[in-house]
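Below is one structure; the comments refer to it alone.
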Amino acid sequence: MKGFQAISLVGFPNAASVKAFIDAWPYARFELAYNMSESFLKEVTPILAGRVVSVHSCCPLESFFPNFASYDAEIIEKSHTMLRRSVSTSLEFGVPNVVLHPGYATDCLIPSEVHERMALLEAGIFKDYVGRAEGSIARSDYTVMSAYRKRFESMQKELAQLGRSFSGKGLHLAVENLNPRAGYMCMTAEEMIEIASIPDVYLCLDVGHLWISHLVFGFSFPAAIERIMATGKVVSCHLHSNASGQNGVLEDSHDDFDANGFPCKMIIDCIKESGANMVLETLNHPVYNAQVLFHLLEESA
């Protein structure tokens with residue numbers, strides 16, 4: 001296995017919990033998370049020396065996510081400003097990979113806080129794209145709708161500019177596939193392959209998000225992983241599970257990697273030789289999930 005095994009700090013509430021994890025799992029490496037306040041980031045910086053493998057923008061926490069699918073020049077400039085702060089974090093920690101949620105099908109910025117974000121979605125901002133009201137799930141033809149495709153193409157131009165800028169700093173811009181909520185961008189293998197074709201732009205494959213997307217858009221989950229990995233552009237993989245597909249559930253819950261009957265062994269077999277980092281993005285039981293990943297890699301060796 002060429003890449004690092006790591007865990008996102010998204011589920012760690014304070015510095016004490018990070019220290020406890022390192023004490024229990026001496027091999028610990030981390031991805032800095034988008035929900036880390038500036039004070040939390042400063043507090044844990046001394047204990048993370050040599051242990052950070054990637055930065056999930058925006059880090060430190062911003063009130064909104066960047067939106068590079070906006071047609072509003074002011075929103076685009078604000079998005080660049082926010083992302084530059086994450087670039088500074090990445091350079092400070094000396095790590096190359098910066099993970100980005102690339103954009104949303106609106107001219108606005110989308111709140112980074114989950115309850116604010118869901119309230120906005122449920123208020124109907126993306127009503128033309130909704131296929132299932134519960135959870136604001138996208139309609140099955142969402143990614144081929146004309147309005148969506150125009151924004152996607154506009155977003156690609158912004159990503160090309162960002163990729164060049166990142167490359168000049170020795171960094172990788174890693175675009176992540178999102179879960180299939182109405183208004184989100186980049187959810188299918190076809191879209192990831194398009195983004196991978198942009199010079200100096202890389203990918204973060206989130207398998208939990210892809211799992212929900214395969215149910216909504218009707219594609220093969222294993223084939224999608226293989227096609228995305230075949231681009232050679234995947235530098236990081238987010239590992240977590242959810243119960244989507246069971247009893248009508250469609251939910252991005254970031255459960256334990258081996259929960260819900262998730263095909264975690266198949267996933268590891270597909271990605272283990274790529275050189276991509278394997279980053280657990282689970283919300284609970286960090287030591288348990290680290291052990292699960294460690295044993296899966298041992299079994300597939």
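Identifiers for the structure tokens are assigned positionally: chains receive A, B, ... in sequence, residues are indexed from 1 per chain, and ligands are indexed from 1 in the order shown.
Counting only C-alpha atoms, region 98-109 of chain A has the following residues at most 6 Å away, ignoring those fewer than 3 positions along the same chain: A:Ser54, A:Val55, A:His56, A:Ser57, A:Asn67, A:Phe68, A:Ala69, A:Ser70, A:Tyr71, A:Asp72, A:Leu173, A:Ala174, A:Val175, A:Glu176, A:Gly183, A:Tyr184, A:Met185.
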key: Distance criterion (only C-alpha atoms): nearest to Val234 (chain A) out of A:Leu178, A:Met118, A:Ile193, A:Ile268   = A:Ile193
request  = Compare A:Ser220, A:Gln246, A:Ser37, A:Ser79 by their minimum atom-to-atom distance to Pro60 (chain A), counting only C-alpha atoms, and give me the closest one.
outcome  =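 Nearest candidate to Pro60 (chain A) out of A:Ser220, A:Gln246, A:Ser37, A:Ser79: A:Ser37.
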note = From the list A:Lys2, A:Arg149, A:Arg164, A:Lys157, the nearest residue to Gly275 (chain A) using only C-alpha atoms is A:Lys2
Residues of region 1-42 of chain A in strand (DSSP E) according to DSSP, as an mmCIF file with N, CA and C atoms, in the first residue's frame?
```cif
data_model
loop_
_atom_site.group_PDB
_atom_site.id
_atom_site.type_symbol
_atom_site.label_atom_id
_atom_site.label_comp_id
_atom_site.auth_asym_id
_atom_site.auth_seq_id
_atom_site.Cartn_x
_atom_site.Cartn_y
_atom_site.Cartn_z
ATOM 1 N N GLN A 5 -2.474 5.777 5.447
ATOM 2 C CA GLN A 5 -3.740 5.537 6.131
ATOM 3 C C GLN A 5 -3.930 6.682 7.124
ATOM 4 N N ALA A 6 -5.110 7.266 7.131
ATOM 5 C CA ALA A 6 -5.343 8.432 7.990
ATOM 6 C C ALA A 6 -6.808 8.477 8.389
ATOM 7 N N ILE A 7 -7.118 9.419 9.270
ATOM 8 C CA ILE A 7 -8.500 9.629 9.675
ATOM 9 C C ILE A 7 -8.776 11.126 9.677
ATOM 10 N N SER A 8 -9.949 11.501 9.216
ATOM 11 C CA SER A 8 -10.355 12.895 9.237
ATOM 12 C C SER A 8 -10.623 13.341 10.671
ATOM 13 N N PHE A 30 -3.624 12.183 9.985
ATOM 14 C CA PHE A 30 -4.893 12.902 9.968
ATOM 15 C C PHE A 30 -5.104 13.715 8.694
ATOM 16 N N GLU A 31 -6.391 13.918 8.388
ATOM 17 C CA GLU A 31 -6.799 14.955 7.455
ATOM 18 C C GLU A 31 -7.436 16.078 8.267
ATOM 19 N N LEU A 32 -6.978 17.297 8.077
ATOM 20 C CA LEU A 32 -7.601 18.442 8.728
ATOM 21 C C LEU A 32 -8.982 18.644 8.117
#
```
request  = List the neighbours of Ser213 (chain A) out to 10 Å using only C-alpha atoms; skip same-chain residues closer than 6 positions along the sequence, and give me the result as a PyMOL selection string.
outcome  = chain A and resi 137-138+140+177-181+187-189+207+219-221+244+250
Selection from above, N, CA and C atoms, as a short mmCIF file (atom, residue, chain, number, x, y, z; two decimals), in the first residue's frame, can you write it?
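Result file follows (out_28.cif):
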```cif
data_model
loop_
_atom_site.label_atom_id
_atom_site.label_comp_id
_atom_site.auth_asym_id
_atom_site.auth_seq_id
_atom_site.Cartn_x
_atom_site.Cartn_y
_atom_site.Cartn_z
N ILE A 137 -33.09 15.14 -1.98
CA ILE A 137 -32.32 14.28 -2.88
C ILE A 137 -32.59 14.66 -4.33
N ALA A 138 -31.56 14.64 -5.15
CA ALA A 138 -31.67 15.05 -6.54
C ALA A 138 -32.54 14.09 -7.36
N SER A 140 -33.33 11.87 -10.74
CA SER A 140 -32.42 10.92 -11.39
C SER A 140 -31.77 11.47 -12.66
N ASN A 177 -16.14 14.04 -5.06
CA ASN A 177 -17.52 13.77 -5.47
C ASN A 177 -18.44 13.93 -4.26
N LEU A 178 -19.54 14.63 -4.47
CA LEU A 178 -20.46 14.93 -3.37
C LEU A 178 -21.62 13.94 -3.34
N ASN A 179 -22.36 13.95 -2.24
CA ASN A 179 -23.54 13.09 -2.17
C ASN A 179 -24.66 13.72 -2.98
N PRO A 180 -25.64 12.94 -3.42
CA PRO A 180 -26.58 13.41 -4.44
C PRO A 180 -27.75 14.25 -3.93
N ARG A 181 -27.43 15.33 -3.25
CA ARG A 181 -28.48 16.27 -2.88
C ARG A 181 -28.74 17.21 -4.06
N MET A 187 -21.17 14.12 -8.93
CA MET A 187 -21.68 12.98 -8.18
C MET A 187 -21.55 11.63 -8.89
N THR A 188 -21.13 11.64 -10.14
CA THR A 188 -21.07 10.41 -10.92
C THR A 188 -19.66 10.16 -11.43
N ALA A 189 -19.42 8.94 -11.88
CA ALA A 189 -18.11 8.60 -12.45
C ALA A 189 -17.82 9.45 -13.68
N VAL A 207 -16.22 7.26 -1.10
CA VAL A 207 -16.98 6.05 -1.43
C VAL A 207 -18.37 6.05 -0.78
N PHE A 219 -26.27 3.63 -11.43
CA PHE A 219 -25.06 3.08 -12.05
C PHE A 219 -24.45 2.01 -11.15
N SER A 220 -23.50 1.26 -11.69
CA SER A 220 -22.83 0.21 -10.95
C SER A 220 -21.79 0.83 -10.01
N PHE A 221 -21.91 0.53 -8.73
CA PHE A 221 -20.97 1.06 -7.74
C PHE A 221 -19.55 0.54 -7.97
N SER A 244 -27.83 3.64 3.23
CA SER A 244 -28.65 3.95 2.06
C SER A 244 -28.92 2.69 1.24
N LEU A 250 -31.84 7.02 2.28
CA LEU A 250 -30.85 7.72 1.46
C LEU A 250 -30.24 8.79 2.36
#
```
task = Please provide as a list in words all residues within 7 Å of Pro96 (chain A), with the sequence filter that same-chain residues fewer than 6 positions apart are discarded (counting only C-alpha atoms).
result = Ser54, Ser90, Gly170, Leu171 and His172 of chain A
With C-alpha atoms retained, could you export that selection as an mmCIF file, in the first residue's frame?
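Saved the output as out39.cif:
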```
data_model
loop_
_atom_site.group_PDB
_atom_site.id
_atom_site.type_symbol
_atom_site.label_atom_id
_atom_site.label_comp_id
_atom_site.auth_asym_id
_atom_site.auth_seq_id
_atom_site.Cartn_x
_atom_site.Cartn_y
_atom_site.Cartn_z
ATOM 1 C CA SER A 54 -4.259 16.424 3.669
ATOM 2 C CA SER A 90 -1.678 23.223 3.666
ATOM 3 C CA GLY A 170 3.539 22.289 -5.305
ATOM 4 C CA LEU A 171 -0.002 21.354 -4.222
ATOM 5 C CA HIS A 172 -2.727 19.030 -5.517
#
```
Residue neighbourhood Cys59 (chain A), 6 Å, only C-alpha atoms, exclusion window fewer than 2 positions, as a list in words =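 Neighbouring residues, sequence-local ones excluded: Tyr34, Ser57, Leu61 and Ser86 of chain A.
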Could you write out the selected residues, including N, CA and C atoms, as a tab-separated table (two decimals), in the first residue's frame?
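So selection.tsv came out as:
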```
chain	number	residue	atom	x	y	z
A	34	TYR	N	-12.97	20.40	7.51
A	34	TYR	CA	-13.59	21.68	7.17
A	34	TYR	C	-14.35	22.30	8.34
A	57	SER	N	-10.75	21.57	2.64
A	57	SER	CA	-11.18	22.96	2.69
A	57	SER	C	-12.68	23.04	3.03
A	61	LEU	N	-12.27	26.71	9.61
A	61	LEU	CA	-13.68	26.80	9.28
A	61	LEU	C	-14.06	28.16	8.71
A	86	SER	N	-7.15	28.06	3.01
A	86	SER	CA	-6.86	26.63	3.15
A	86	SER	C	-5.51	26.28	2.53
```
task = Identify, with DSSP run on backbone atoms, the residues in region 46-86 of chain A assigned to alpha helix (DSSP H), and express the list as an NGL selection string.
result = :A and (73-86)
Could the residues in this selection be written to a file with C-alpha atoms, as a PDB file, in the first residue's frame?
```pdb
ATOM      1  CA  ALA A  73     -18.098  37.200 -10.170  1.00  0.00           C
ATOM      2  CA  GLU A  74     -18.229  38.451  -6.572  1.00  0.00           C
ATOM      3  CA  ILE A  75     -19.102  34.966  -5.279  1.00  0.00           C
ATOM      4  CA  ILE A  76     -16.278  33.461  -7.346  1.00  0.00           C
ATOM      5  CA  GLU A  77     -13.810  35.958  -5.866  1.00  0.00           C
ATOM      6  CA  LYS A  78     -15.045  35.212  -2.336  1.00  0.00           C
ATOM      7  CA  SER A  79     -14.602  31.509  -3.071  1.00  0.00           C
ATOM      8  CA  HIS A  80     -11.011  32.079  -4.180  1.00  0.00           C
ATOM      9  CA  THR A  81     -10.335  34.097  -1.032  1.00  0.00           C
ATOM     10  CA  MET A  82     -11.688  31.343   1.223  1.00  0.00           C
ATOM     11  CA  LEU A  83      -9.713  28.669  -0.576  1.00  0.00           C
ATOM     12  CA  ARG A  84      -6.495  30.680  -0.333  1.00  0.00           C
ATOM     13  CA  ARG A  85      -6.728  30.425   3.450  1.00  0.00           C
ATOM     14  CA  SER A  86      -6.862  26.626   3.146  1.00  0.00           C
TER      15      SER A  86
END
```
Using only C-alpha atoms, which residues sit within 10 Å of Glu134 (chain A) once same-chain residues fewer than 6 positions away are excluded, as a PDB file with C-alpha atoms, in the first residue's frame?
```pdb
ATOM      1  CA  GLU A 122     -35.448  22.410   2.448  1.00  0.00           C
ATOM      2  CA  VAL A 249     -32.901   5.136   3.376  1.00  0.00           C
ATOM      3  CA  LEU A 250     -30.850   7.723   1.460  1.00  0.00           C
ATOM      4  CA  GLU A 251     -28.616   9.346   4.058  1.00  0.00           C
TER       5      GLU A 251
END
```
ask   = Between A:Cys58, A:Met266, A:Leu205, A:Ala259, which one has atoms that come closest to Tyr288 (chain A), using only C-alpha atoms?
value = A:Ala259
inquiry  = Would you compute the distance between CA of Leu9 (chain A) and CA of Cys186 (chain A)? Give it in Å to one decimal.
reply    =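 Value for the CA of Leu9 (chain A)-CA of Cys186 (chain A) distance: 23.4 Å.
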message = When you count only C-alpha atoms, which of these residues is closest to Ala20 (chain A): A:Ser154, A:Ile47, A:Tyr142, A:Met278?
response = A:Ile47
query = How many Å lie between CA of Ile22 (chain A) and CA of Val287 (chain A), rounded to one decimal?
reply = 9.2 Å
message = Just checking: using only C-alpha atoms, which residue out of A:Leu296, A:Ala224, A:Ala133, A:Met155 ends up closest to Cys264 (chain A)?
response =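 Smallest separation from Cys264 (chain A) among the options: A:Leu296.
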